[in-house]
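Below is structure-v3.pdb, holding PDB, C-alpha atoms.
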```
ATOM      1  CA  MET A  15     -54.171   0.316  28.131  1.00  0.00           C
ATOM      2  CA  VAL A  16     -51.430  -1.464  30.075  1.00  0.00           C
ATOM      3  CA  LYS A  17     -53.677  -4.476  30.729  1.00  0.00           C
ATOM      4  CA  ARG A  18     -54.835  -4.627  27.092  1.00  0.00           C
ATOM      5  CA  ASN A  19     -51.323  -4.473  25.647  1.00  0.00           C
ATOM      6  CA  ARG A  20     -49.942  -6.909  28.184  1.00  0.00           C
ATOM      7  CA  ALA A  21     -52.702  -9.399  27.330  1.00  0.00           C
ATOM      8  CA  ALA A  22     -51.954  -8.952  23.615  1.00  0.00           C
ATOM      9  CA  GLY A  23     -48.256  -9.709  24.164  1.00  0.00           C
ATOM     10  CA  ARG A  24     -47.071  -6.230  23.155  1.00  0.00           C
ATOM     11  CA  LEU A  25     -45.973  -5.257  26.654  1.00  0.00           C
ATOM     12  CA  ARG A  26     -43.919  -7.315  29.049  1.00  0.00           C
ATOM     13  CA  PHE A  27     -42.336  -6.671  32.412  1.00  0.00           C
ATOM     14  CA  THR A  28     -39.274  -8.468  33.718  1.00  0.00           C
ATOM     15  CA  THR A  29     -36.472  -8.193  36.211  1.00  0.00           C
ATOM     16  CA  ASP A  30     -34.375 -10.568  34.084  1.00  0.00           C
ATOM     17  CA  LEU A  31     -31.705  -8.296  32.584  1.00  0.00           C
ATOM     18  CA  GLU A  32     -30.628 -10.887  30.014  1.00  0.00           C
ATOM     19  CA  GLN A  33     -34.177 -11.174  28.713  1.00  0.00           C
ATOM     20  CA  ALA A  34     -34.757  -7.411  28.768  1.00  0.00           C
ATOM     21  CA  VAL A  35     -31.657  -6.537  26.744  1.00  0.00           C
ATOM     22  CA  ARG A  36     -32.332  -9.362  24.288  1.00  0.00           C
ATOM     23  CA  PHE A  37     -35.955  -8.244  23.794  1.00  0.00           C
ATOM     24  CA  GLY A  38     -35.835  -4.971  21.893  1.00  0.00           C
ATOM     25  CA  THR A  39     -33.775  -2.713  19.706  1.00  0.00           C
ATOM     26  CA  VAL A  40     -34.759   0.262  21.866  1.00  0.00           C
ATOM     27  CA  GLN A  41     -33.441   0.062  25.421  1.00  0.00           C
ATOM     28  CA  CYS A  42     -34.767   2.826  27.692  1.00  0.00           C
ATOM     29  CA  ILE A  43     -32.915   3.942  30.782  1.00  0.00           C
ATOM     30  CA  ALA A  44     -35.511   5.475  33.074  1.00  0.00           C
ATOM     31  CA  VAL A  45     -34.088   5.433  36.574  1.00  0.00           C
ATOM     32  CA  GLY A  46     -33.944   7.881  39.416  1.00  0.00           C
ATOM     33  CA  THR A  47     -31.304  10.595  39.499  1.00  0.00           C
ATOM     34  CA  PRO A  48     -31.559  11.908  43.040  1.00  0.00           C
ATOM     35  CA  PRO A  49     -29.523  14.984  43.891  1.00  0.00           C
ATOM     36  CA  GLY A  50     -26.086  14.310  45.308  1.00  0.00           C
ATOM     37  CA  GLU A  51     -24.709  16.094  48.354  1.00  0.00           C
ATOM     38  CA  ASP A  52     -23.644  19.008  46.153  1.00  0.00           C
ATOM     39  CA  GLY A  53     -27.055  19.217  44.442  1.00  0.00           C
ATOM     40  CA  SER A  54     -25.908  17.675  41.153  1.00  0.00           C
ATOM     41  CA  ALA A  55     -27.717  14.690  39.629  1.00  0.00           C
ATOM     42  CA  ASP A  56     -26.474  11.351  40.942  1.00  0.00           C
ATOM     43  CA  LEU A  57     -25.831   9.313  37.797  1.00  0.00           C
ATOM     44  CA  GLN A  58     -24.893   6.027  39.489  1.00  0.00           C
ATOM     45  CA  HIS A  59     -28.159   4.291  38.523  1.00  0.00           C
ATOM     46  CA  VAL A  60     -28.054   5.606  34.946  1.00  0.00           C
ATOM     47  CA  LEU A  61     -24.496   4.385  34.470  1.00  0.00           C
ATOM     48  CA  GLU A  62     -25.209   1.013  36.086  1.00  0.00           C
ATOM     49  CA  ALA A  63     -28.141   0.515  33.700  1.00  0.00           C
ATOM     50  CA  ALA A  64     -25.817   1.382  30.793  1.00  0.00           C
ATOM     51  CA  ARG A  65     -23.199  -1.099  32.030  1.00  0.00           C
ATOM     52  CA  ASN A  66     -25.883  -3.780  32.323  1.00  0.00           C
ATOM     53  CA  ILE A  67     -26.879  -3.206  28.713  1.00  0.00           C
ATOM     54  CA  GLY A  68     -23.237  -3.333  27.595  1.00  0.00           C
ATOM     55  CA  ARG A  69     -22.672  -6.592  29.484  1.00  0.00           C
ATOM     56  CA  ARG A  70     -25.560  -8.293  27.697  1.00  0.00           C
ATOM     57  CA  MET A  71     -26.173  -6.820  24.257  1.00  0.00           C
ATOM     58  CA  THR A  72     -25.478  -9.024  21.278  1.00  0.00           C
ATOM     59  CA  GLU A  73     -26.590  -6.795  18.401  1.00  0.00           C
ATOM     60  CA  TYR A  74     -27.317  -3.160  17.537  1.00  0.00           C
ATOM     61  CA  ARG A  75     -29.240  -1.312  20.237  1.00  0.00           C
ATOM     62  CA  VAL A  76     -30.561   2.213  20.597  1.00  0.00           C
ATOM     63  CA  VAL A  77     -30.022   3.169  24.236  1.00  0.00           C
ATOM     64  CA  VAL A  78     -32.431   5.940  25.183  1.00  0.00           C
ATOM     65  CA  ASP A  79     -31.772   8.025  28.261  1.00  0.00           C
ATOM     66  CA  LYS A  80     -35.198   9.039  29.588  1.00  0.00           C
ATOM     67  CA  SER A  81     -33.919  10.069  33.022  1.00  0.00           C
ATOM     68  CA  THR A  82     -33.476  13.684  34.025  1.00  0.00           C
ATOM     69  CA  VAL A  83     -29.750  14.168  33.525  1.00  0.00           C
ATOM     70  CA  PRO A  84     -27.282  16.971  32.821  1.00  0.00           C
ATOM     71  CA  VAL A  85     -25.707  17.754  29.474  1.00  0.00           C
ATOM     72  CA  GLY A  86     -22.862  15.359  28.740  1.00  0.00           C
ATOM     73  CA  THR A  87     -24.537  12.284  30.222  1.00  0.00           C
ATOM     74  CA  ALA A  88     -24.892  10.652  26.793  1.00  0.00           C
ATOM     75  CA  ASP A  89     -21.089  10.596  26.528  1.00  0.00           C
ATOM     76  CA  LYS A  90     -20.867   8.913  29.943  1.00  0.00           C
ATOM     77  CA  VAL A  91     -23.514   6.348  28.964  1.00  0.00           C
ATOM     78  CA  ARG A  92     -21.659   5.677  25.693  1.00  0.00           C
ATOM     79  CA  GLY A  93     -18.414   5.260  27.634  1.00  0.00           C
ATOM     80  CA  ALA A  94     -19.962   2.857  30.151  1.00  0.00           C
ATOM     81  CA  ILE A  95     -21.401   0.653  27.393  1.00  0.00           C
ATOM     82  CA  SER A  96     -18.159   0.773  25.388  1.00  0.00           C
ATOM     83  CA  ALA A  97     -16.130  -0.237  28.446  1.00  0.00           C
ATOM     84  CA  GLU A  98     -18.329  -3.286  29.023  1.00  0.00           C
ATOM     85  CA  LEU A  99     -18.140  -4.289  25.371  1.00  0.00           C
ATOM     86  CA  ALA A 100     -14.335  -3.941  25.496  1.00  0.00           C
ATOM     87  CA  ARG A 101     -14.198  -6.151  28.604  1.00  0.00           C
ATOM     88  CA  ARG A 102     -16.128  -8.762  26.643  1.00  0.00           C
ATOM     89  CA  GLY A 103     -13.858  -8.334  23.622  1.00  0.00           C
ATOM     90  CA  ARG A 104     -16.894  -7.432  21.495  1.00  0.00           C
ATOM     91  CA  GLU A 105     -17.451  -4.714  18.931  1.00  0.00           C
ATOM     92  CA  ILE A 106     -21.199  -4.246  18.669  1.00  0.00           C
ATOM     93  CA  PRO A 107     -22.648  -1.077  17.177  1.00  0.00           C
ATOM     94  CA  PHE A 108     -25.012   0.959  19.319  1.00  0.00           C
ATOM     95  CA  ALA A 109     -26.351   4.476  19.585  1.00  0.00           C
ATOM     96  CA  VAL A 110     -27.194   6.664  22.557  1.00  0.00           C
ATOM     97  CA  VAL A 111     -30.200   8.957  22.378  1.00  0.00           C
ATOM     98  CA  SER A 112     -31.212  11.637  24.853  1.00  0.00           C
ATOM     99  CA  ASN A 113     -34.994  11.772  25.143  1.00  0.00           C
ATOM    100  CA  PRO A 114     -35.958  13.505  28.378  1.00  0.00           C
ATOM    101  CA  GLU A 115     -39.352  12.697  29.766  1.00  0.00           C
ATOM    102  CA  PHE A 116     -42.050  15.241  30.360  1.00  0.00           C
ATOM    103  CA  LEU A 117     -44.401  13.101  32.433  1.00  0.00           C
ATOM    104  CA  LYS A 118     -46.592  14.312  35.260  1.00  0.00           C
ATOM    105  CA  GLU A 119     -46.951  12.023  38.238  1.00  0.00           C
ATOM    106  CA  GLY A 120     -50.277  10.213  37.961  1.00  0.00           C
ATOM    107  CA  ALA A 121     -50.627  11.004  34.255  1.00  0.00           C
ATOM    108  CA  ALA A 122     -47.625   9.206  32.738  1.00  0.00           C
ATOM    109  CA  VAL A 123     -49.599   7.070  30.261  1.00  0.00           C
ATOM    110  CA  GLU A 124     -51.596  10.031  28.988  1.00  0.00           C
ATOM    111  CA  ASP A 125     -48.484  12.192  28.756  1.00  0.00           C
ATOM    112  CA  PHE A 126     -46.601   9.442  26.895  1.00  0.00           C
ATOM    113  CA  MET A 127     -49.427   8.954  24.417  1.00  0.00           C
ATOM    114  CA  ALA A 128     -49.710  12.670  23.669  1.00  0.00           C
ATOM    115  CA  PRO A 129     -46.196  13.998  24.223  1.00  0.00           C
ATOM    116  CA  ARG A 130     -45.745  17.738  23.999  1.00  0.00           C
ATOM    117  CA  PRO A 131     -43.001  18.162  22.934  1.00  0.00           C
ATOM    118  CA  VAL A 132     -40.863  15.179  21.947  1.00  0.00           C
ATOM    119  CA  VAL A 133     -37.238  16.213  22.223  1.00  0.00           C
ATOM    120  CA  LEU A 134     -34.479  13.927  20.997  1.00  0.00           C
ATOM    121  CA  GLY A 135     -30.756  14.359  20.802  1.00  0.00           C
ATOM    122  CA  ALA A 136     -28.683  11.866  18.820  1.00  0.00           C
ATOM    123  CA  ASP A 137     -25.795  11.734  16.392  1.00  0.00           C
ATOM    124  CA  ASP A 138     -26.696   8.437  14.700  1.00  0.00           C
ATOM    125  CA  PRO A 139     -29.051   8.675  11.686  1.00  0.00           C
ATOM    126  CA  LYS A 140     -30.242   5.081  12.159  1.00  0.00           C
ATOM    127  CA  ALA A 141     -31.142   5.791  15.798  1.00  0.00           C
ATOM    128  CA  ILE A 142     -32.997   8.959  14.824  1.00  0.00           C
ATOM    129  CA  GLN A 143     -35.041   6.964  12.303  1.00  0.00           C
ATOM    130  CA  VAL A 144     -35.818   4.298  14.914  1.00  0.00           C
ATOM    131  CA  MET A 145     -37.042   7.013  17.288  1.00  0.00           C
ATOM    132  CA  ARG A 146     -39.081   8.746  14.575  1.00  0.00           C
ATOM    133  CA  THR A 147     -40.799   5.432  13.882  1.00  0.00           C
ATOM    134  CA  LEU A 148     -41.410   4.872  17.586  1.00  0.00           C
ATOM    135  CA  TYR A 149     -43.026   8.269  18.070  1.00  0.00           C
ATOM    136  CA  ALA A 150     -44.737   8.550  14.648  1.00  0.00           C
ATOM    137  CA  PRO A 151     -48.239   7.635  15.832  1.00  0.00           C
ATOM    138  CA  SER A 152     -48.321  10.387  18.455  1.00  0.00           C
ATOM    139  CA  SER A 153     -46.002  13.227  17.515  1.00  0.00           C
ATOM    140  CA  ALA A 154     -46.758  14.431  14.001  1.00  0.00           C
ATOM    141  CA  THR A 155     -46.690  18.131  14.818  1.00  0.00           C
ATOM    142  CA  THR A 156     -44.809  18.660  18.039  1.00  0.00           C
ATOM    143  CA  SER A 157     -41.415  17.047  17.725  1.00  0.00           C
ATOM    144  CA  ALA A 158     -37.878  18.348  17.720  1.00  0.00           C
ATOM    145  CA  PHE A 159     -35.277  15.857  16.495  1.00  0.00           C
ATOM    146  CA  CYS A 160     -31.718  17.110  16.879  1.00  0.00           C
TER     147      CYS A 160
END
```

Would you mind writing the structure in this file as structure tokens?
Amino acid sequence: MVKRNRAAGRLRFTTDLEQAVRFGTVQCIAVGTPPGEDGSADLQHVLEAARNIGRRMTEYRVVVDKSTVPVGTADKVRGAISAELARRGREIPFAVVSNPEFLKEGAAVEDFMAPRPVVLGADDPKAIQVMRTLYAPSSATTSAFC
């Protein structure tokens, strides 16, 4: 599936942050959150990804946190993006969505294609609609949108 979609131009990989943020309305943060010394999730990579998006976005984006993170992380992601936009003197609308992954190692593609369940948390109606559209082909009966 990855090879087929890459060949068809529907899937691209890059390490160019400028290109990645420019590419799509939906920006997924899916980075490691190793436990800190006290056992809590280390959010440094999540927040750096958010700052990178804020440094480069030029129009509305839905920033989706796929990483395993504690409650309240969406507010921190929103704050990191807002701080970068403020540094740039820009007011660009964006939304933050929590969409934790339920992927088994070695079966990520299959799990993504048949997610059970899809759980979303967002407070922006436009972002919720974007996510509904994204998941529509695979989640007709098993989704919870909050």

Within 9 Å of file point (-21.9, 5.0, 33.5), counting all atoms listed in the file, expressed as a tab-separated table (two decimals) with C-alpha atoms, in the frame of the given file:
```tsv
chain	number	residue	atom	x	y	z
A	57	LEU	CA	-25.83	9.31	37.80
A	58	GLN	CA	-24.89	6.03	39.49
A	59	HIS	CA	-28.16	4.29	38.52
A	60	VAL	CA	-28.05	5.61	34.95
A	61	LEU	CA	-24.50	4.38	34.47
A	62	GLU	CA	-25.21	1.01	36.09
A	63	ALA	CA	-28.14	0.52	33.70
A	64	ALA	CA	-25.82	1.38	30.79
A	65	ARG	CA	-23.20	-1.10	32.03
A	87	THR	CA	-24.54	12.28	30.22
A	89	ASP	CA	-21.09	10.60	26.53
A	90	LYS	CA	-20.87	8.91	29.94
A	91	VAL	CA	-23.51	6.35	28.96
A	92	ARG	CA	-21.66	5.68	25.69
A	93	GLY	CA	-18.41	5.26	27.63
A	94	ALA	CA	-19.96	2.86	30.15
A	95	ILE	CA	-21.40	0.65	27.39
```

For this session: Compile the contact shell of segment 36-50 of chain A as a list in words: residues with an atom at most 9 Å away, counting only C-alpha atoms, same-chain residues fewer than 5 positions apart removed.
Result: Leu31, Ala55, Asp56, Leu57, Gln58, His59, Val60, Ala63, Ala64, Ile67, Arg70, Met71, Thr72, Glu73, Tyr74, Arg75, Val76, Val77, Val78, Asp79, Lys80, Ser81, Thr82, Val83, Glu115, Ala141, Val144 and Met145 of chain A

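One finds atom CA of Arg146 of chain A at 9.4 Å from atom CA of Leu134 of chain A.
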
Exercise. Interatomic distance between atom CA of Ala150 of chain A and atom CA of Val132 of chain A?
Worked result: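 Calculated distance between atom CA of Ala150 of chain A and atom CA of Val132 of chain A is 10.6 Å.
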
Problem set entry | Nearest residue to Ser96 of chain A from the set A:Asn66, A:Ser112, A:Gly135, A:Glu124 (distances using only C-alpha atoms) |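 The answer is A:Asn66, which sits nearest to Ser96 of chain A.
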
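For the atom pair formed by atom CA of Arg102 of chain A and atom CA of Ile142 of chain A, the distance is 27.2 Å, given to one decimal.
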